[in-house]
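Novice: Below is data-v8.txt; it holds compact mmCIF, C-alpha atoms and all ligand atoms.
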# COMPACT_ATOMS: atom_id res chain seq x y z
CA MET A 1 5.50 24.21 -15.63
CA HIS A 2 7.24 27.32 -14.26
CA TRP A 3 7.54 27.03 -10.49
CA LYS A 4 6.03 30.50 -10.01
CA ILE A 5 2.69 29.18 -11.35
CA LYS A 6 2.52 26.51 -8.64
CA ALA A 7 3.74 29.03 -6.06
CA SER A 8 0.98 31.48 -7.08
CA LEU A 9 -1.71 28.77 -6.88
CA GLN A 10 -0.48 27.71 -3.44
CA LYS A 11 -0.53 31.36 -2.30
CA ILE A 12 -4.17 31.60 -3.34
CA LEU A 13 -5.07 28.23 -1.80
CA HIS A 14 -3.47 29.16 1.49
CA PHE A 15 -6.11 31.88 2.01
CA THR A 16 -8.82 29.21 2.08
CA ASN A 17 -9.39 27.09 5.18
CA ILE A 18 -8.98 23.88 3.21
CA GLY A 19 -6.00 25.02 1.14
CA ASP A 20 -3.65 22.31 2.40
CA ARG A 21 -6.21 19.58 1.68
CA LEU A 22 -6.93 20.89 -1.82
CA ASN A 23 -3.19 21.05 -2.46
CA HIS A 24 -2.92 17.39 -1.42
CA ILE A 25 -5.70 16.14 -3.77
CA PRO A 26 -3.62 15.81 -7.01
CA ALA A 27 -1.22 13.42 -5.23
CA THR A 28 -4.10 11.16 -4.14
CA LEU A 29 -5.40 10.73 -7.72
CA VAL A 30 -2.40 8.60 -8.68
CA LYS A 31 -3.13 4.88 -9.29
CA ASP A 32 -2.38 2.69 -6.25
CA TYR A 33 -1.98 5.81 -4.08
CA HIS A 34 -2.96 4.09 -0.80
CA LYS A 35 -0.83 1.02 -1.47
CA ASN A 36 2.16 3.23 -2.33
CA VAL A 37 1.70 5.36 0.79
CA CYS A 38 1.44 2.28 2.99
CA LEU A 39 4.58 0.70 1.53
CA TYR A 40 6.52 3.98 1.64
CA GLN A 41 5.56 4.61 5.28
CA PHE A 42 6.34 1.00 6.17
CA TYR A 43 9.81 0.83 4.59
CA GLU A 44 10.85 4.30 5.75
CA CYS A 45 9.67 3.51 9.28
CA ILE A 46 11.63 0.22 9.34
CA ARG A 47 14.72 1.85 7.77
CA LYS A 48 14.84 4.58 10.42
CA PHE A 49 14.10 2.14 13.23
CA GLU A 50 16.96 -0.14 12.09
CA ALA A 51 19.26 2.90 12.10
CA SER A 52 18.37 3.54 15.75
CA GLN A 53 19.57 0.05 16.77
CA ILE A 54 16.97 0.04 19.55
CA GLN A 55 16.14 -3.41 20.91
CA LEU A 56 12.47 -3.94 21.67
CA ASN A 57 12.53 -7.54 22.81
CA THR A 58 13.41 -6.58 26.38
CA ALA A 59 11.19 -6.38 29.43
CA GLN A 60 11.69 -2.60 29.63
CA SER A 61 8.80 -0.49 28.39
CA LYS A 62 9.69 1.85 25.48
CA ALA A 63 8.12 5.08 24.24
CA ALA A 64 8.33 6.64 20.78
CA LEU A 65 7.60 10.14 19.49
CA GLU A 66 6.90 10.81 15.83
CA ILE A 67 7.08 14.45 14.74
CA GLY A 68 4.89 15.28 11.72
CA THR A 69 2.24 12.56 11.29
CA GLY A 70 0.97 13.86 7.96
CA TYR A 71 -1.95 12.08 6.27
CA SER A 72 -1.14 8.50 7.23
CA LEU A 73 -1.18 6.57 10.50
CA ILE A 74 0.82 3.63 9.11
CA SER A 75 4.15 4.68 10.60
CA PRO A 76 2.91 4.92 14.25
CA VAL A 77 1.00 1.65 13.79
CA VAL A 78 4.21 -0.05 12.58
CA LEU A 79 6.00 1.34 15.66
CA TYR A 80 3.30 -0.34 17.77
CA LEU A 81 3.69 -3.64 15.88
CA LEU A 82 7.45 -3.44 16.46
CA GLY A 83 6.75 -3.33 20.18
CA PHE A 84 6.81 0.27 21.40
CA ASP A 85 4.50 0.43 24.43
CA THR A 86 3.40 4.01 23.82
CA ILE A 87 3.59 6.11 20.67
CA VAL A 88 2.97 9.84 20.55
CA THR A 89 2.52 11.29 17.06
CA VAL A 90 2.12 15.03 16.53
CA ASP A 91 1.47 17.47 13.71
CA ILE A 92 0.59 21.14 13.31
CA SER A 93 -2.40 20.09 11.21
CA LYS A 94 -5.10 17.43 11.56
CA ASP A 95 -5.03 15.30 8.43
CA VAL A 96 -5.41 11.70 9.57
CA SER A 97 -8.76 10.02 8.91
CA ILE A 98 -10.19 6.56 9.57
CA LYS A 99 -11.21 6.21 5.90
CA THR A 100 -7.62 6.73 4.72
CA PHE A 101 -6.32 4.41 7.43
CA GLN A 102 -8.74 1.65 6.40
CA LYS A 103 -7.69 1.99 2.76
CA GLN A 104 -4.01 1.70 3.71
CA VAL A 105 -3.78 -0.80 6.59
CA ARG A 106 -4.86 -3.79 4.48
CA PHE A 107 -1.58 -3.56 2.54
CA LEU A 108 0.32 -4.43 5.75
CA GLN A 109 -1.23 -7.90 5.50
CA GLU A 110 1.53 -9.17 3.25
CA GLU A 111 3.75 -12.03 4.41
CA SER A 112 7.09 -10.33 3.62
CA LEU A 113 6.05 -7.14 5.48
CA LEU A 114 4.80 -9.09 8.50
CA GLN A 115 8.04 -11.07 8.58
CA THR A 116 10.12 -7.90 8.41
CA ILE A 117 8.24 -6.55 11.43
CA ALA A 118 8.61 -9.86 13.28
CA LYS A 119 12.40 -9.81 12.72
CA HIS A 120 12.66 -6.70 14.95
CA SER A 121 9.53 -6.99 17.05
CA LYS A 122 8.92 -8.07 20.60
CA PHE A 123 5.80 -9.84 19.25
CA GLU A 124 5.74 -13.22 17.49
CA LEU A 125 4.79 -13.36 13.79
CA SER A 126 1.43 -14.96 14.64
CA ASP A 127 0.62 -12.13 17.10
CA ILE A 128 1.55 -9.47 14.55
CA THR A 129 -0.58 -11.14 11.86
CA GLN A 130 -3.52 -11.28 14.23
CA LYS A 131 -3.09 -7.64 15.26
CA VAL A 132 -3.05 -6.50 11.62
CA GLN A 133 -6.26 -8.47 11.02
CA GLN A 134 -7.88 -6.86 14.07
CA LEU A 135 -6.75 -3.39 12.99
CA GLN A 136 -8.60 -3.81 9.69
CA LYS A 137 -11.89 -4.26 11.54
CA LEU A 138 -11.68 -1.06 13.62
CA GLN A 139 -14.21 1.61 12.69
CA THR A 140 -12.91 4.80 14.34
CA LEU A 141 -9.57 6.55 14.75
CA GLU A 142 -10.11 6.47 18.53
CA HIS A 143 -10.32 2.66 18.41
CA VAL A 144 -7.16 2.41 16.28
CA CYS A 145 -5.26 4.74 18.63
CA SER A 146 -6.46 2.97 21.75
CA PHE A 147 -5.66 -0.48 20.27
CA CYS A 148 -2.09 0.62 19.48
CA ASN A 149 -1.51 2.92 22.49
CA ILE A 150 -1.06 5.81 20.07
CA LYS A 151 -1.65 9.35 21.28
CA TYR A 152 -2.30 11.48 18.17
CA ILE A 153 -1.87 15.21 18.89
CA PRO A 154 -2.88 17.36 15.92
CA LYS A 155 -2.25 21.12 16.25
CA TYR A 156 0.24 20.28 18.97
CA THR A 157 2.40 22.42 21.18
CA LEU A 158 5.59 21.33 22.96
CA GLU A 159 3.66 21.58 26.24
CA ALA A 160 0.97 19.26 24.89
CA ILE A 161 3.65 16.63 24.21
CA GLU A 162 5.04 17.07 27.73
CA ASN A 163 1.57 16.68 29.19
CA VAL A 164 1.65 13.14 27.78
CA SER A 165 5.33 12.36 28.38
CA ASN A 166 8.71 14.03 28.68
CA SER A 167 10.76 10.90 28.16
CA PHE A 168 11.19 9.05 24.85
CA ASP A 169 13.42 6.17 23.80
CA TYR A 170 12.94 6.91 20.13
CA ILE A 171 12.15 10.19 18.34
CA CYS A 172 11.66 10.16 14.58
CA SER A 173 10.43 12.23 11.68
CA GLN A 174 10.06 11.73 7.95
CA VAL A 175 10.52 14.72 5.63
CA VAL A 176 9.19 17.16 8.24
CA PHE A 177 12.11 19.25 9.55
CA GLU A 178 12.49 21.11 6.25
CA HIS A 179 8.97 22.50 6.85
CA ILE A 180 9.83 23.88 10.30
CA PRO A 181 11.12 27.46 10.72
CA PRO A 182 14.59 27.73 12.34
CA GLU A 183 13.19 29.42 15.48
CA PHE A 184 10.97 26.41 16.22
CA LEU A 185 13.68 23.91 15.23
CA GLU A 186 15.89 25.48 17.92
CA LYS A 187 13.19 24.89 20.55
CA LEU A 188 12.58 21.36 19.30
CA PHE A 189 16.26 20.41 19.50
CA ILE A 190 16.45 21.70 23.09
CA LYS A 191 13.41 19.56 23.93
CA MET A 192 14.76 16.48 22.14
CA LYS A 193 17.93 16.74 24.21
CA ALA A 194 15.78 16.81 27.35
CA TRP A 195 13.31 14.13 26.25
CA LEU A 196 15.69 11.43 24.97
CA THR A 197 16.39 8.68 27.50
CA GLU A 198 20.05 7.90 28.31
CA ASP A 199 20.29 5.19 25.64
CA GLY A 200 17.49 6.65 23.50
CA CYS A 201 18.00 7.56 19.86
CA ALA A 202 16.57 10.07 17.39
CA VAL A 203 16.40 9.39 13.65
CA HIS A 204 15.21 12.14 11.31
CA THR A 205 15.03 12.03 7.54
CA ILE A 206 15.14 15.50 6.02
CA ASN A 207 14.68 16.58 2.42
CA PHE A 208 16.91 19.49 1.44
CA ILE A 209 15.63 20.31 -2.03
CA ASP A 210 13.37 22.95 -3.54
CA HIS A 211 9.90 21.36 -3.41
CA PHE A 212 8.93 23.18 -6.62
CA ALA A 213 11.32 20.75 -8.36
CA ASN A 214 9.45 17.74 -6.92
CA PRO A 215 7.89 15.33 -9.45
CA GLY A 216 4.22 15.71 -10.31
CA PHE A 217 1.92 17.66 -12.59
CA PHE A 218 3.28 21.02 -11.42
CA GLN A 219 6.98 20.10 -11.47
CA ASP A 220 9.32 22.70 -12.93
CA LYS A 221 11.73 20.51 -14.90
CA ASN A 222 13.94 23.45 -15.88
CA ILE A 223 15.26 24.37 -12.45
CA SER A 224 18.03 22.97 -10.31
CA GLU A 225 16.72 21.09 -7.28
CA PHE A 226 18.58 23.76 -5.27
CA ASN A 227 16.97 26.65 -7.17
CA PHE A 228 15.44 28.15 -4.01
CA LEU A 229 18.90 28.96 -2.63
CA LYS A 230 19.28 31.67 -5.29
CA TYR A 231 16.76 33.99 -3.61
CA SER A 232 16.86 36.47 -0.75
CA ASP A 233 14.72 35.72 2.32
CA LYS A 234 12.37 38.52 1.30
CA GLN A 235 11.91 37.22 -2.25
CA TRP A 236 11.44 33.65 -1.04
CA HIS A 237 8.98 34.74 1.61
CA PHE A 238 6.92 36.44 -1.12
CA TRP A 239 6.71 33.22 -3.15
CA ALA A 240 6.70 30.50 -0.53
CA GLY A 241 6.17 32.13 2.88
CA ASN A 242 2.79 30.47 3.40
CA ASP A 243 1.89 27.32 5.33
CA ILE A 244 1.35 25.22 2.20
CA ALA A 245 4.64 25.98 0.45
CA TYR A 246 6.97 26.80 3.33
CA THR A 247 10.39 25.15 3.45
CA ASN A 248 13.26 26.50 5.54
CA ARG A 249 15.98 26.18 2.84
CA LEU A 250 18.41 24.72 5.40
CA SER A 251 21.02 22.11 4.52
CA TYR A 252 22.43 19.23 6.58
CA VAL A 253 25.13 21.57 7.91
CA TYR A 254 22.49 23.49 9.89
CA TYR A 255 21.19 20.34 11.61
CA LEU A 256 24.74 19.28 12.52
CA GLU A 257 25.24 22.76 14.03
CA LEU A 258 22.01 22.33 16.03
CA CYS A 259 23.32 19.02 17.39
CA LYS A 260 26.61 20.66 18.36
CA THR A 261 24.89 23.60 20.07
CA ASN A 262 22.72 21.20 22.08
CA LYS A 263 25.55 18.77 22.83
CA LEU A 264 23.73 15.97 21.06
CA GLN A 265 25.98 13.12 20.00
CA VAL A 266 25.73 12.59 16.24
CA VAL A 267 25.85 8.83 15.65
CA ASP A 268 25.69 9.26 11.88
CA PHE A 269 24.51 11.49 9.10
CA ILE A 270 23.64 9.55 5.93
CA GLY A 271 23.48 11.97 3.01
CA GLU A 272 21.86 10.90 -0.26
CA ASN A 273 21.45 12.16 -3.79
CA TYR A 274 18.46 10.22 -5.09
CA ARG A 275 17.84 11.99 -8.38
CA ALA A 276 19.72 13.88 -11.12
CA TYR A 277 22.13 16.21 -9.32
CA HIS A 278 22.48 19.90 -10.28
CA PRO A 279 24.27 21.75 -7.48
CA LEU A 280 24.57 25.54 -7.67
CA ALA A 281 27.90 27.33 -8.01
CA ALA A 282 28.95 29.29 -4.90
CA GLU A 283 28.21 32.64 -6.59
CA GLU A 284 24.60 31.59 -7.32
CA ILE A 285 23.81 31.07 -3.63
CA HIS A 286 22.21 34.10 -2.02
CA PRO A 287 24.03 35.69 0.99
CA ASP A 288 20.79 35.39 3.04
CA VAL A 289 21.12 31.61 2.71
CA ILE A 290 24.77 31.61 3.77
CA LYS A 291 24.22 33.83 6.82
CA LYS A 292 21.96 31.21 8.46
CA TYR A 293 25.05 29.16 9.36
CA GLN A 294 27.46 29.67 12.26
CA GLN A 295 30.31 28.41 10.12
CA LEU A 296 30.27 27.38 6.50
CA SER A 297 33.76 26.48 5.33
CA ASN A 298 32.54 25.83 1.78
CA VAL A 299 29.50 27.70 0.51
CA GLU A 300 28.77 24.83 -1.92
CA ASP A 301 28.24 22.51 1.08
CA VAL A 302 24.61 23.68 1.21
CA CYS A 303 24.07 21.78 -2.06
CA THR A 304 25.92 18.57 -1.10
CA TYR A 305 22.87 16.43 -0.40
CA GLN A 306 19.29 16.25 -1.65
CA ARG A 307 18.14 14.22 1.34
CA GLY A 308 19.66 12.85 4.50
CA THR A 309 19.08 10.91 7.69
CA LEU A 310 20.39 12.35 10.92
CA ILE A 311 20.89 9.95 13.81
CA PHE A 312 21.71 11.28 17.25
CA LYS A 313 21.74 10.42 20.93
CA LYS A 314 21.73 12.48 24.10
C1 LIG A 401 5.84 16.23 3.77
S1 LIG A 401 4.76 16.00 5.08
C2 LIG A 401 5.37 14.49 5.77
C3 LIG A 401 4.36 13.79 6.59
C4 LIG A 401 4.74 12.37 7.02
N1 LIG A 401 5.84 12.38 7.94
C5 LIG A 401 5.02 11.53 5.82
O1 LIG A 401 6.15 11.02 5.68
O2 LIG A 401 4.11 11.33 5.01
C6 LIG A 401 5.28 17.21 6.24
C7 LIG A 401 4.43 17.25 7.47
O3 LIG A 401 5.08 18.07 8.44
C8 LIG A 401 4.07 18.74 9.15
N2 LIG A 401 4.68 19.86 9.89
C9 LIG A 401 4.98 21.10 9.45
N3 LIG A 401 5.49 21.83 10.45
C10 LIG A 401 5.54 21.03 11.55
C11 LIG A 401 5.97 21.21 12.88
N4 LIG A 401 6.43 22.37 13.34
N5 LIG A 401 5.88 20.17 13.72
C12 LIG A 401 5.39 18.98 13.30
N6 LIG A 401 4.95 18.77 12.05
C13 LIG A 401 5.03 19.77 11.18
C14 LIG A 401 3.08 19.11 8.09
O4 LIG A 401 1.82 19.46 8.64
C15 LIG A 401 3.04 17.83 7.27
O5 LIG A 401 2.09 16.93 7.75
Would you kindly transcribe this structure into structure tokens?
Ligand SMILES: C[S@@+](CC[C@H](N)C(=O)[O-])C[C@H]1O[C@@H](n2cnc3c(N)ncnc32)[C@H](O)[C@@H]1O

Specialist:
Amino acid sequence: MHWKIKASLQKILHFTNIGDRLNHIPATLVKDYHKNVCLYQFYECIRKFEASQIQLNTAQSKAALEIGTGYSLISPVVLYLLGFDTIVTVDISKDVSIKTFQKQVRFLQEESLLQTIAKHSKFELSDITQKVQQLQKLQTLEHVCSFCNIKYIPKYTLEAIENVSNSFDYICSQVVFEHIPPEFLEKLFIKMKAWLTEDGCAVHTINFIDHFANPGFFQDKNISEFNFLKYSDKQWHFWAGNDIAYTNRLSYVYYLELCKTNKLQVVDFIGENYRAYHPLAAEEIHPDVIKKYQQLSNVEDVCTYQRGTLIFKK
């Protein structure tokens, strides 16, 4: 389907109060949706945590911040099971529900998953197993959050985070930064520099591709996954400048520049191409895209990776 059809539908949906929820419905109709979400959140949470090399089996208390909770509470719950003492999870919207959590948490009760947690956790396998059983009995989000020491802040501000804590050992996000406008990313990077503890670590997985090329009923199979880089800011704002469709069209180079500006030490950047790769030629990339960078030695660099994980320290 042509991407402009999906873009037009999202533009219409965004005028309704429940546009984002309606937009999310098709994804939830897939068979085994809750199992898939739970396993995805689990493995991505463990993968990022391993990349941080944080040790949780020490006497020192540790705090984690997750940026962009989304629809699932599995990731912050796994952070609790790993042994973080407090977990703050924030989003601009409020999409977590107890019903969804109950449908997903039962899939954590699998021996191989529990053992993977135990390998890194400050808790013993038997404790973790018991906690997962207890979590399945909880009837409200408040009970889940209080059981796991999770502070969920929907519709957050940076001040709201600081009212809870201004010091974090671990800061993570999963496919969220590409939805944040550059002006707010700048503020967030300044704060992350201030909030990270001396040996703290941040791990962020960012998707760099045009979301209209994402798989699903509305996928446009005829466009490059970097198609959105062909358009001016004005044209792109017309099609995707709403809160359902917005992506910032920034590549890994931009995030490395943000680290440099804020004197954050980049431990690693792991770039990935996880699907058929169709980079654009330099002349196809719009000047508005190029001008977002302080220095871009090769214009084609904005198409190098489809996804990546940025790991940095203070
Ligand atoms: C693709 S979803 C990912 C959600 C979740 N991390 C996951 O892996 O399922 C992107 C999320 O980023 C959130 N988001 C957008 N702008 C944000 C911002 N400035 N700060 C935090 N979250 C934001 C959206 O509301 C949405 O929940």

Novice: Please, which residues in chain A fall within 7 Å of ligand LIG 401 (chain A) when counting all atoms listed in the file, and what is the closest atom pair and distance in Å to one decimal for each, ordered by chain then residue number, as CSV?

Specialist:
residue,atom,partner,partner_atom,distance
A:Gln41,CA,A:LIG401,O1,6.4
A:Ile67,CA,A:LIG401,C12,5.0
A:Gly68,CA,A:LIG401,N6,3.5
A:Thr69,CA,A:LIG401,N1,4.9
A:Gly70,CA,A:LIG401,O5,3.3
A:Tyr71,CA,A:LIG401,O2,6.2
A:Ser72,CA,A:LIG401,O2,6.4
A:Val90,CA,A:LIG401,C12,6.1
A:Asp91,CA,A:LIG401,N6,4.1
A:Ile92,CA,A:LIG401,C13,5.1
A:Ser93,CA,A:LIG401,O4,5.0
A:Ser173,CA,A:LIG401,N1,5.9
A:Gln174,CA,A:LIG401,N1,4.3
A:Val175,CA,A:LIG401,C2,5.2
A:Val176,CA,A:LIG401,O3,4.2
A:His179,CA,A:LIG401,C9,5.0
A:Ile180,CA,A:LIG401,N3,4.8
A:Phe184,CA,A:LIG401,N4,6.7

Novice: Please compute the CA of Lys4 (chain A)-CA of Tyr252 (chain A) distance, one decimal, in Å.

Specialist: 25.9 Å

Novice: May I have the residues within 12 Å of region 9-11 of chain A as an MDAnalysis selection string, using only C-alpha atoms and disregarding those fewer than 4 positions away in the same chain?

Specialist: chainID A and resid 2:5 15:16 18:24 212 218 237:246

Novice: I need the residue nearest His143 (chain A) from this list: A:Val267, A:Phe101, A:Ile171, A:Ser297. Use all atoms listed in the file for the distance.

Specialist: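 Closest to His143 (chain A), using all atoms listed in the file: A:Phe101.
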
Novice: I'd like the interatomic distance between CA of Gln133 (chain A) and CA of Cys45 (chain A), to a tenth of an Å.

Specialist: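 For CA of Gln133 (chain A) relative to CA of Cys45 (chain A), the distance reads 20.0 Å.
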
Novice: Which value, in Å to one decimal, gives the distance between CA of Tyr305 (chain A) and CA of Ala202 (chain A)?

Specialist: 19.9 Å

Novice: Using only C-alpha atoms, which of A:Thr86, A:Gln306, A:Asn262, A:Asn149 sits nearest Phe189 (chain A)?

Specialist: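 Answer, going by the shortest atom-to-atom distance: A:Asn262.
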
Novice: Pick the closest to Ile223 (chain A) from A:Val77, A:Val266, A:Ala276, A:Leu185: which is it, counting only C-alpha atoms?

Specialist: A:Ala276

Novice: Can you tell me, as a list in words, what residues are no more than 8 Å from region 28-40 of chain A when counting only C-alpha atoms, ignoring any on the same chain fewer than 5 positions away?

Specialist: Ser72, Ile74, Thr100, Lys103, Gln104, Val105, Phe107 and Leu108 of chain A

Novice: (15.7, 5.6, 11.4) in this file's frame - what residues fall within 10 Å of it? Use only C-alpha atoms and give the answer as a PDB file with C-alpha atoms, in the frame of the given file.

Specialist:
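What follows is the written file selection-v5.pdb:
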ATOM      1  CA  GLU A  44      10.850   4.300   5.750  1.00  0.00           C
ATOM      2  CA  CYS A  45       9.670   3.510   9.280  1.00  0.00           C
ATOM      3  CA  ILE A  46      11.630   0.220   9.340  1.00  0.00           C
ATOM      4  CA  ARG A  47      14.720   1.850   7.770  1.00  0.00           C
ATOM      5  CA  LYS A  48      14.840   4.580  10.420  1.00  0.00           C
ATOM      6  CA  PHE A  49      14.100   2.140  13.230  1.00  0.00           C
ATOM      7  CA  GLU A  50      16.960  -0.140  12.090  1.00  0.00           C
ATOM      8  CA  ALA A  51      19.260   2.900  12.100  1.00  0.00           C
ATOM      9  CA  SER A  52      18.370   3.540  15.750  1.00  0.00           C
ATOM     10  CA  GLN A  53      19.570   0.050  16.770  1.00  0.00           C
ATOM     11  CA  ILE A  54      16.970   0.040  19.550  1.00  0.00           C
ATOM     12  CA  TYR A 170      12.940   6.910  20.130  1.00  0.00           C
ATOM     13  CA  ILE A 171      12.150  10.190  18.340  1.00  0.00           C
ATOM     14  CA  CYS A 172      11.660  10.160  14.580  1.00  0.00           C
ATOM     15  CA  SER A 173      10.430  12.230  11.680  1.00  0.00           C
ATOM     16  CA  GLN A 174      10.060  11.730   7.950  1.00  0.00           C
ATOM     17  CA  CYS A 201      18.000   7.560  19.860  1.00  0.00           C
ATOM     18  CA  ALA A 202      16.570  10.070  17.390  1.00  0.00           C
ATOM     19  CA  VAL A 203      16.400   9.390  13.650  1.00  0.00           C
ATOM     20  CA  HIS A 204      15.210  12.140  11.310  1.00  0.00           C
ATOM     21  CA  THR A 205      15.030  12.030   7.540  1.00  0.00           C
ATOM     22  CA  THR A 309      19.080  10.910   7.690  1.00  0.00           C
ATOM     23  CA  LEU A 310      20.390  12.350  10.920  1.00  0.00           C
ATOM     24  CA  ILE A 311      20.890   9.950  13.810  1.00  0.00           C
TER      25      ILE A 311
END

Novice: Taking all atoms listed in the file into account, name the residue in A:Phe168, A:Ile161, A:Tyr43, A:Leu250 that is nearest to Thr116 (chain A).

Specialist: A:Tyr43

Novice: Write out as a PyMOL selection string each polymer residue whose atoms come within 10 Å of Asp288 (chain A), counting only C-alpha atoms; drop sequence neighbours fewer than 5 positions from it.

Specialist: chain A and resi 229-234+293

Novice: Between A:Ala213, A:Ala194, A:Arg249, A:Asn227, single out the one closest to Pro182 (chain A), counting only C-alpha atoms.

Specialist: A:Arg249

Novice: Show me as a VMD selection string the residues that reach within 10 Å of (5.3, 21.5, 22.1), counting only C-alpha atoms and using the file's own coordinates.

Specialist: chain A and resid 90 92 155 to 163 184 187 to 188 191

Novice: Of the residues A:Glu257, A:Lys131, A:Leu65, A:Lys94, which is the one nearest to Ser165 (chain A), using only C-alpha atoms?

Specialist: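 Smallest separation from Ser165 (chain A) among the options: A:Leu65.
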
Novice: Give, as AutoDock Vina command-line options, the centre coordinates and the x, y and z edge lengths in Å to one decimal for an axis-aligned box around all listed atoms of region 190-197 of chain A, padded by 5 Å on each side.

Specialist:
--center_x 15.6 --center_y 15.2 --center_z 24.8 --size_x 14.6 --size_y 23.0 --size_z 15.4
